[in-house]
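What follows is a short report on a single structure.
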Number of protein chains: 2
Amino acid sequence: MRIGIFDSGLGGLTGYRALRELLPTHDLVYFGDNARVPYGTKSGEVICRFALQDVRFLLSQQVDAVLVACGTVSSNALTLLERTFPLPFVGVVEPAARRAAEIASQKSGKILVLGTAATVGSGAYEKAIHAVDPALEVRSVACPMFVPLAENGFTSPDDIAAVEIAKRYLQPYEEFAPDAMILGCTHFPLLSEVIAKVLPTPVQVSAGEEAAKTMAEKIRSLSKEGGTGKDLFFTSDDPAAFRLNAATFLGRPLDGEVLRTDIETY
Amino acid sequence: MRIGIFDSGLGGLTGYRALRELLPTHDLVYFGDNARVPYGTKSGEVICRFALQDVRFLLSQQVDAVLVACGTVSSNALTLLERTFPLPFVGVVEPAARRAAEIASQKSGKILVLGTAATVGSGAYEKAIHAVDPALEVRSVACPMFVPLAENGFTSPDDIAAVEIAKRYLQPYEEFAPDAMILGCTHFPLLSEVIAKVLPTPVQVSAGEEAAKTMAEKIRSLSKEGGTGKDLFFTSDDPAAFRLNAATFLGRPLDGEVLRTDIETY
């Protein structure tokens with residue numbers, strides 16, 4: 001079995017990394033749409049069009065299942081993808097919603113969702129959390145500057161600018177005192193320490209990691225056979241830049257081939 | 001005569017605004033590629049492909065001349081556009097280079113260029129400045145966070161995060177003490193006061209405004225006849241969002257129709 005993973009850019013590598021650890025012998029194909037990143041500031045219609053192209057490309061690489069490692073696509077286009085293509089999908093919304101609900105149910109029942117503008121606008125996390133437990137109290141906050149901060153290396157908890165921007169987004173929720181906080185965009189785990197500096201109490205739930213766990217369970221239930229553990233990476237922009245910047249998201253140099261694809265032709 | 005103007009998104013509206021004032025009776029067609037913004041973090045190859053599509057779209061709108069109101073396209077793809085399409089182009093690099101050279105020549109001969117990563121990587125501003133006067137001393141600094149700061153409204157000189165990020169980029173050039181500073185990306189004039197807080201002395205040259213002046217001179221030399229002074233705006237993403245966010249760049253609400261176009265089909 002070959003598993004496809006895609007994201008608007010590099011953020012989804014946090015999901016890839018978790019999946020690679022859980023499924024060491026399966027073949028993984030990653031696609032990052034670096035030529036059109038970010039998705040989170042764009043409209044639902046554009047996000048849907050891009051997502052369809054991304055999956056069509058992964059299908060051309062003979063994948064058997066797809067991990068949608070992008071919070072924006074998972075919250076705006078997952079139903080469309082599931083209706084359009086006859087293969088199993090796992091998005092980042094439901095797994096993170098379940099995990100956060102589990103944590104909050106045992107405490108005061110309060111969850112804060114951090115996402116891109118498009119993710120928060122979709123209301124997908126609230127819906128998924130309330131499907132688990134309608135009594136949970138959910139607040140959502142769009143953090144549009146977090147993706148550029150993560151991509152440009154402003155991620156240290158000692159970074160005045162990063163902490164100041166995090167304060168702007170998160171301090172209004174200090175009084176709400178959430179038990180769990182969903183990092184609803186796969187870029188956000190890079191800012192984990194910055195976020196914890198502003199709101200230290202809530203348990204951080206990484207949407208990419210939870211989705212990887214769900215995908216691994218699904219794959220194991222479908223077939224126990226792995227592959228050769230091969231990684232193949234594709235980007236719609238420069239492969240050399242992808243390789244260079246991937247290291248930040250992986251916490252180690254990227255192994256495996258990086259190829260370029262012209263996504264607009266799919 | 002109908003003049004086309006394009007940018008990766010909204011930044012080019014600073015050039016549109018200047019051109020509209022200089023040519024009140026000409027018809028202007030603006031295109032913002034909001035579905036694929038930003039361009040400045042992407043490779044030269046992708047920038048060139050997008051720029052060709054942008055101009056093909058403007059040609060479908062019967063424009064007679066094109067103002068490339070995007071620092072990234074002007075510095076990476078202007079020659080390609082001029083070779084490909086038989087119509088007059090004005091980019092933002094040469095006009096700003098001339099103006100900055102004029103200022104610096106009368107002082108200590110030092111210019112600092114602020115741009116996106118792709119603009120600074122191209123070396124286009126240095127080349128254009130040295131074509132005017134090879135004796136001028138030029139330094140360039142990539143400011144990749146300035147576009148997201150401008151787009152997300154972090155533009156006040158009292159904004160701690162914005163000033164902190166500007167310090168990171170610009171303080172290393174305090175000692176260089178430039179006479180002129182080229183705001184080489186059409187988004188940057190929104191951060192004018194933030195930039196001045198960190199480096200108050202150098203004269204700021206807005207690349208979009210200088211390009212608008214050059215275009216107005218060129219148009220007047222070609223024909224004195226204007227049109228009906230009509231504005232037409234196109235975006236590759238949501239027209240309502242374009243209209244809403246345009247006001248920040250124009251300093252007033254946007255007049256005129258905003259239509260959507262699917263740029264990937266051009």
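A note on labels: chains of the structure tokens are A, B, ... as shown, every chain counts residues from 1, and ligands are counted from 1 in their shown order.
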*Determine, counting only C-alpha atoms, which protein, DNA and RNA residues have an atom within 12 Å of an atom of Ala131 (chain A); residues of the same chain fewer than 2 positions away are not included. Present the result as a list in words.*
Val93, Glu94, Ala97, Arg98, Ala101, Ala124, Tyr125, Glu126, Lys127, Ala128, Ile129, Asp133, Pro134, Ala135 and Leu136 of chain A
*asked:* Please return, as a ChimeraX atom specification, all residues of region 19-228 of chain A that DSSP assigns to helix (DSSP H, G or I) on the basis of the backbone.
replied: /A:19-22,44-60,71-84,93-105,117-122,124-132,146-151,160-173,188-198,207-222
*What does the distance from CA of Asp179 (chain B) to CA of Thr41 (chain B) come to in Å, to one decimal?*
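Between CA of Asp179 (chain B) and CA of Thr41 (chain B) the gap works out to 27.6 Å.
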*What's the 9 Å shell around Leu23 (chain B), counting only C-alpha atoms, without same-chain residues fewer than 4 positions away, as a ChimeraX atom specification?*
/B:18-19,27,216,219-220,226,229
Grab the residues selected above and save them as a compact mmCIF listing (two decimals), in the first residue's frame with N, CA and C atoms.
# COMPACT_ATOMS: atom_id res chain seq x y z
N ALA B 18 -1.55 55.66 -7.60
CA ALA B 18 -0.71 56.75 -8.13
C ALA B 18 -1.01 56.99 -9.60
N LEU B 19 -1.21 55.90 -10.37
CA LEU B 19 -1.47 56.03 -11.80
C LEU B 19 -2.83 56.67 -12.06
N ASP B 27 -8.53 54.51 -19.08
CA ASP B 27 -9.19 53.32 -18.55
C ASP B 27 -8.13 52.38 -17.98
N ALA B 216 2.90 57.03 -16.68
CA ALA B 216 2.11 58.20 -17.09
C ALA B 216 2.85 59.00 -18.16
N ILE B 219 2.71 57.02 -21.48
CA ILE B 219 1.37 57.06 -22.08
C ILE B 219 1.11 58.42 -22.71
N ARG B 220 1.51 59.48 -22.00
CA ARG B 220 1.31 60.84 -22.54
C ARG B 220 2.11 61.03 -23.82
N GLY B 226 -7.34 60.22 -23.56
CA GLY B 226 -7.67 59.32 -22.46
C GLY B 226 -8.85 58.46 -22.85
N GLY B 229 -12.07 57.12 -18.05
CA GLY B 229 -11.61 57.08 -16.66
C GLY B 229 -12.19 55.90 -15.89
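Secondary structure from DSSP on the backbone puts strand (DSSP E or B) at the following positions of region 20-185 of chain B: Asp27, Leu28, Val29, Tyr30, Phe31, Gly32, Ala65, Val66, Leu67, Val68, Phe89, Val90, Gly91, Lys110, Ile111, Leu112, Val113, Leu114, Gly115, Glu137, Val138, Arg139, Ser140, Val141, Ala142, Ala180, Met181, Ile182 and Leu183 of chain B.
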For the interface of chain A with chain B (cut-off 9 Å, counting only C-alpha atoms), please tabulate each contacting residue of chain A alongside its nearest pair of atoms and their separation in Å to one decimal, rows sorted by chain and increasing number, as JSON lines.
{"residue": "A:Asn34", "atom": "CA", "partner": "B:Lys42", "partner_atom": "CA", "distance": 7.5}
{"residue": "A:Ala35", "atom": "CA", "partner": "B:Lys42", "partner_atom": "CA", "distance": 6.3}
{"residue": "A:Arg36", "atom": "CA", "partner": "B:Arg36", "partner_atom": "CA", "distance": 4.8}
{"residue": "A:Val37", "atom": "CA", "partner": "B:Arg36", "partner_atom": "CA", "distance": 7.1}
{"residue": "A:Pro38", "atom": "CA", "partner": "B:Val37", "partner_atom": "CA", "distance": 7.8}
{"residue": "A:Tyr39", "atom": "CA", "partner": "B:Ala35", "partner_atom": "CA", "distance": 8.2}
{"residue": "A:Thr41", "atom": "CA", "partner": "B:Ala35", "partner_atom": "CA", "distance": 8.8}
{"residue": "A:Lys42", "atom": "CA", "partner": "B:Ala35", "partner_atom": "CA", "distance": 6.3}
{"residue": "A:Ser43", "atom": "CA", "partner": "B:Asp238", "partner_atom": "CA", "distance": 6.1}
{"residue": "A:Gly44", "atom": "CA", "partner": "B:Asp238", "partner_atom": "CA", "distance": 8.9}
{"residue": "A:Glu45", "atom": "CA", "partner": "B:Asp237", "partner_atom": "CA", "distance": 8.1}
{"residue": "A:Val46", "atom": "CA", "partner": "B:Asp237", "partner_atom": "CA", "distance": 6.6}
{"residue": "A:Ile47", "atom": "CA", "partner": "B:Ala35", "partner_atom": "CA", "distance": 8.8}
{"residue": "A:Pro144", "atom": "CA", "partner": "B:Asn152", "partner_atom": "CA", "distance": 7.4}
{"residue": "A:Met145", "atom": "CA", "partner": "B:Pro148", "partner_atom": "CA", "distance": 6.8}
{"residue": "A:Pro148", "atom": "CA", "partner": "B:Met145", "partner_atom": "CA", "distance": 6.8}
{"residue": "A:Leu149", "atom": "CA", "partner": "B:Met145", "partner_atom": "CA", "distance": 7.6}
{"residue": "A:Asn152", "atom": "CA", "partner": "B:Met145", "partner_atom": "CA", "distance": 7.3}
{"residue": "A:Ile160", "atom": "CA", "partner": "B:Glu164", "partner_atom": "CA", "distance": 7.0}
{"residue": "A:Ala161", "atom": "CA", "partner": "B:Ala161", "partner_atom": "CA", "distance": 4.3}
{"residue": "A:Ala162", "atom": "CA", "partner": "B:Ala161", "partner_atom": "CA", "distance": 7.2}
{"residue": "A:Val163", "atom": "CA", "partner": "B:Ala161", "partner_atom": "CA", "distance": 8.4}
{"residue": "A:Glu164", "atom": "CA", "partner": "B:Ala161", "partner_atom": "CA", "distance": 5.7}
{"residue": "A:Ile165", "atom": "CA", "partner": "B:Ala161", "partner_atom": "CA", "distance": 6.2}
{"residue": "A:Ser236", "atom": "CA", "partner": "B:Val46", "partner_atom": "CA", "distance": 8.5}
{"residue": "A:Asp237", "atom": "CA", "partner": "B:Ser43", "partner_atom": "CA", "distance": 6.5}
{"residue": "A:Asp238", "atom": "CA", "partner": "B:Ser43", "partner_atom": "CA", "distance": 6.1}
{"residue": "A:Ala241", "atom": "CA", "partner": "B:Ser43", "partner_atom": "CA", "distance": 8.5}
{"residue": "A:Glu264", "atom": "CA", "partner": "B:Glu264", "partner_atom": "CA", "distance": 6.8}
{"residue": "A:Thr265", "atom": "CA", "partner": "B:Glu264", "partner_atom": "CA", "distance": 8.9}
Create the file for the chosen residues now, containing N, CA and C atoms and written as a short mmCIF file (atom, residue, chain, number, x, y, z; two decimals), in the first residue's frame.
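out.cif written:
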data_model
loop_
_atom_site.label_atom_id
_atom_site.label_comp_id
_atom_site.auth_asym_id
_atom_site.auth_seq_id
_atom_site.Cartn_x
_atom_site.Cartn_y
_atom_site.Cartn_z
N ASN A 34 3.94 24.23 -2.88
CA ASN A 34 4.71 25.43 -2.54
C ASN A 34 4.54 26.59 -3.53
N ALA A 35 4.16 26.28 -4.77
CA ALA A 35 3.96 27.35 -5.76
C ALA A 35 2.73 28.19 -5.42
N ARG A 36 1.79 27.62 -4.62
CA ARG A 36 0.55 28.35 -4.36
C ARG A 36 0.28 28.54 -2.87
N VAL A 37 1.27 28.15 -2.04
CA VAL A 37 1.13 28.33 -0.60
C VAL A 37 0.99 29.81 -0.28
N PRO A 38 0.27 30.26 0.74
CA PRO A 38 -0.57 29.48 1.63
C PRO A 38 -1.98 29.30 1.08
N TYR A 39 -2.74 28.34 1.64
CA TYR A 39 -4.14 28.15 1.28
C TYR A 39 -5.05 28.89 2.29
N THR A 41 -5.44 31.70 3.63
CA THR A 41 -5.93 33.07 3.46
C THR A 41 -6.89 33.15 2.27
N LYS A 42 -7.12 32.00 1.60
CA LYS A 42 -7.89 32.03 0.35
C LYS A 42 -9.34 31.57 0.55
N SER A 43 -10.15 31.75 -0.50
CA SER A 43 -11.59 31.44 -0.37
C SER A 43 -11.84 29.93 -0.47
N GLY A 44 -12.99 29.50 0.02
CA GLY A 44 -13.37 28.10 -0.03
C GLY A 44 -13.35 27.55 -1.44
N GLU A 45 -13.77 28.36 -2.40
CA GLU A 45 -13.84 27.91 -3.78
C GLU A 45 -12.44 27.60 -4.33
N VAL A 46 -11.50 28.51 -4.07
CA VAL A 46 -10.12 28.29 -4.52
C VAL A 46 -9.51 27.09 -3.80
N ILE A 47 -9.75 26.97 -2.51
CA ILE A 47 -9.21 25.85 -1.73
C ILE A 47 -9.72 24.52 -2.31
N PRO A 144 -3.68 34.22 11.39
CA PRO A 144 -3.11 34.25 10.04
C PRO A 144 -1.60 34.50 9.99
N MET A 145 -1.03 35.11 11.02
CA MET A 145 0.42 35.38 10.99
C MET A 145 1.25 34.16 11.40
N PRO A 148 3.27 32.47 8.22
CA PRO A 148 4.51 33.16 7.86
C PRO A 148 5.56 33.14 8.98
N LEU A 149 5.16 33.25 10.23
CA LEU A 149 6.16 33.17 11.32
C LEU A 149 6.89 31.83 11.26
N ASN A 152 9.20 31.49 8.22
CA ASN A 152 10.36 32.37 8.20
C ASN A 152 11.23 32.22 9.44
N ILE A 160 10.76 38.09 20.45
CA ILE A 160 9.82 39.12 20.91
C ILE A 160 8.64 39.27 19.94
N ALA A 161 8.95 39.29 18.63
CA ALA A 161 7.89 39.50 17.63
C ALA A 161 6.90 38.33 17.65
N ALA A 162 7.40 37.11 17.68
CA ALA A 162 6.52 35.94 17.66
C ALA A 162 5.63 35.91 18.91
N VAL A 163 6.24 36.17 20.06
CA VAL A 163 5.46 36.14 21.31
C VAL A 163 4.42 37.26 21.31
N GLU A 164 4.81 38.43 20.78
CA GLU A 164 3.89 39.58 20.73
C GLU A 164 2.67 39.26 19.85
N ILE A 165 2.93 38.63 18.70
CA ILE A 165 1.83 38.27 17.79
C ILE A 165 0.94 37.20 18.44
N SER A 236 5.42 21.71 -6.03
CA SER A 236 5.08 22.46 -7.24
C SER A 236 6.06 23.61 -7.48
N ASP A 237 7.01 23.79 -6.55
CA ASP A 237 8.05 24.82 -6.76
C ASP A 237 9.43 24.15 -6.73
N ASP A 238 10.43 24.86 -6.35
CA ASP A 238 11.81 24.42 -6.46
C ASP A 238 12.16 23.27 -5.48
N ALA A 241 14.83 24.16 -2.73
CA ALA A 241 14.30 24.97 -1.62
C ALA A 241 13.44 24.12 -0.70
N GLU A 264 -0.78 22.67 -11.80
CA GLU A 264 -1.91 23.30 -12.50
C GLU A 264 -2.40 22.49 -13.70
N THR A 265 -1.62 21.48 -14.12
CA THR A 265 -2.05 20.66 -15.26
C THR A 265 -2.90 19.48 -14.81
#
Counting only C-alpha atoms, what are the residues of region 164-209 of chain B within 9 Å of region 58-79 of chain B, and for each of them which pair of atoms is the nearest and at what distance in Å, to one decimal? Sort the table by chain and rising number, as CSV.
residue,atom,partner,partner_atom,distance
B:Gly184,CA,B:Gly71,CA,5.7
B:Cys185,CA,B:Gly71,CA,4.6
B:Thr186,CA,B:Cys70,CA,6.0
B:His187,CA,B:Cys70,CA,8.7
B:Ala207,CA,B:Gly71,CA,7.6
B:Gly208,CA,B:Ala69,CA,6.0
File of the preceding selection, C-alpha atoms, as a JSON list (two decimals), in the first residue's frame:
[["chain", "number", "residue", "atom", "x", "y", "z"],
["B", 184, "GLY", "CA", 11.08, 47.51, -3.67],
["B", 185, "CYS", "CA", 7.83, 45.62, -3.11],
["B", 186, "THR", "CA", 4.51, 47.39, -3.66],
["B", 187, "HIS", "CA", 3.25, 46.13, -0.28],
["B", 207, "ALA", "CA", 8.76, 51.56, -6.28],
["B", 208, "GLY", "CA", 5.05, 51.51, -7.19]]
_Excluding region 112-116 of chain A and its own-chain neighbours fewer than 6 positions away, which residues fall within 6 Å of it when counting only C-alpha atoms? Please give them as an MDAnalysis selection string._
chainID A and resid 40 138:144 178 181:185
Could you take the residues named above and write them with C-alpha atoms, as a short mmCIF file (atom, residue, chain, number, x, y, z; two decimals), in the first residue's frame?
data_model
loop_
_atom_site.label_atom_id
_atom_site.label_comp_id
_atom_site.auth_asym_id
_atom_site.auth_seq_id
_atom_site.Cartn_x
_atom_site.Cartn_y
_atom_site.Cartn_z
CA GLY A 40 -5.45 29.49 4.61
CA VAL A 138 -15.56 25.71 21.92
CA ARG A 139 -13.92 28.98 20.92
CA SER A 140 -11.96 29.46 17.70
CA VAL A 141 -9.31 32.00 16.81
CA ALA A 142 -7.81 32.74 13.39
CA CYS A 143 -4.02 33.19 13.60
CA PRO A 144 -3.11 34.25 10.04
CA PRO A 178 -9.36 26.22 27.87
CA MET A 181 -5.98 23.80 22.52
CA ILE A 182 -6.11 22.35 18.99
CA LEU A 183 -3.18 23.41 16.79
CA GLY A 184 -5.51 23.16 13.80
CA CYS A 185 -2.96 23.99 11.11
#
Can you pull out every residue within 12 Å of Thr201 (chain B), counting only C-alpha atoms, but drop anything in the same chain fewer than 3 positions away, and send it as an mmCIF file with C-alpha atoms, in the first residue's frame?
data_model
loop_
_atom_site.group_PDB
_atom_site.id
_atom_site.type_symbol
_atom_site.label_atom_id
_atom_site.label_comp_id
_atom_site.auth_asym_id
_atom_site.auth_seq_id
_atom_site.Cartn_x
_atom_site.Cartn_y
_atom_site.Cartn_z
ATOM 1 C CA ILE B 111 21.263 53.047 -1.243
ATOM 2 C CA LEU B 112 19.483 50.289 0.676
ATOM 3 C CA TYR B 173 22.160 48.695 8.103
ATOM 4 C CA GLU B 174 22.179 51.545 10.632
ATOM 5 C CA GLU B 175 25.944 51.834 10.337
ATOM 6 C CA PHE B 176 25.792 51.708 6.514
ATOM 7 C CA ALA B 177 23.664 54.898 6.821
ATOM 8 C CA PRO B 178 21.926 54.879 3.410
ATOM 9 C CA ASP B 179 20.776 58.154 1.831
ATOM 10 C CA ALA B 180 17.857 56.478 0.067
ATOM 11 C CA MET B 181 15.890 53.336 0.744
ATOM 12 C CA ILE B 195 10.374 51.339 8.625
ATOM 13 C CA ALA B 196 10.999 55.031 9.426
ATOM 14 C CA LYS B 197 10.888 54.245 13.140
ATOM 15 C CA VAL B 198 13.873 51.906 12.727
ATOM 16 C CA GLN B 204 11.970 56.374 1.156
#
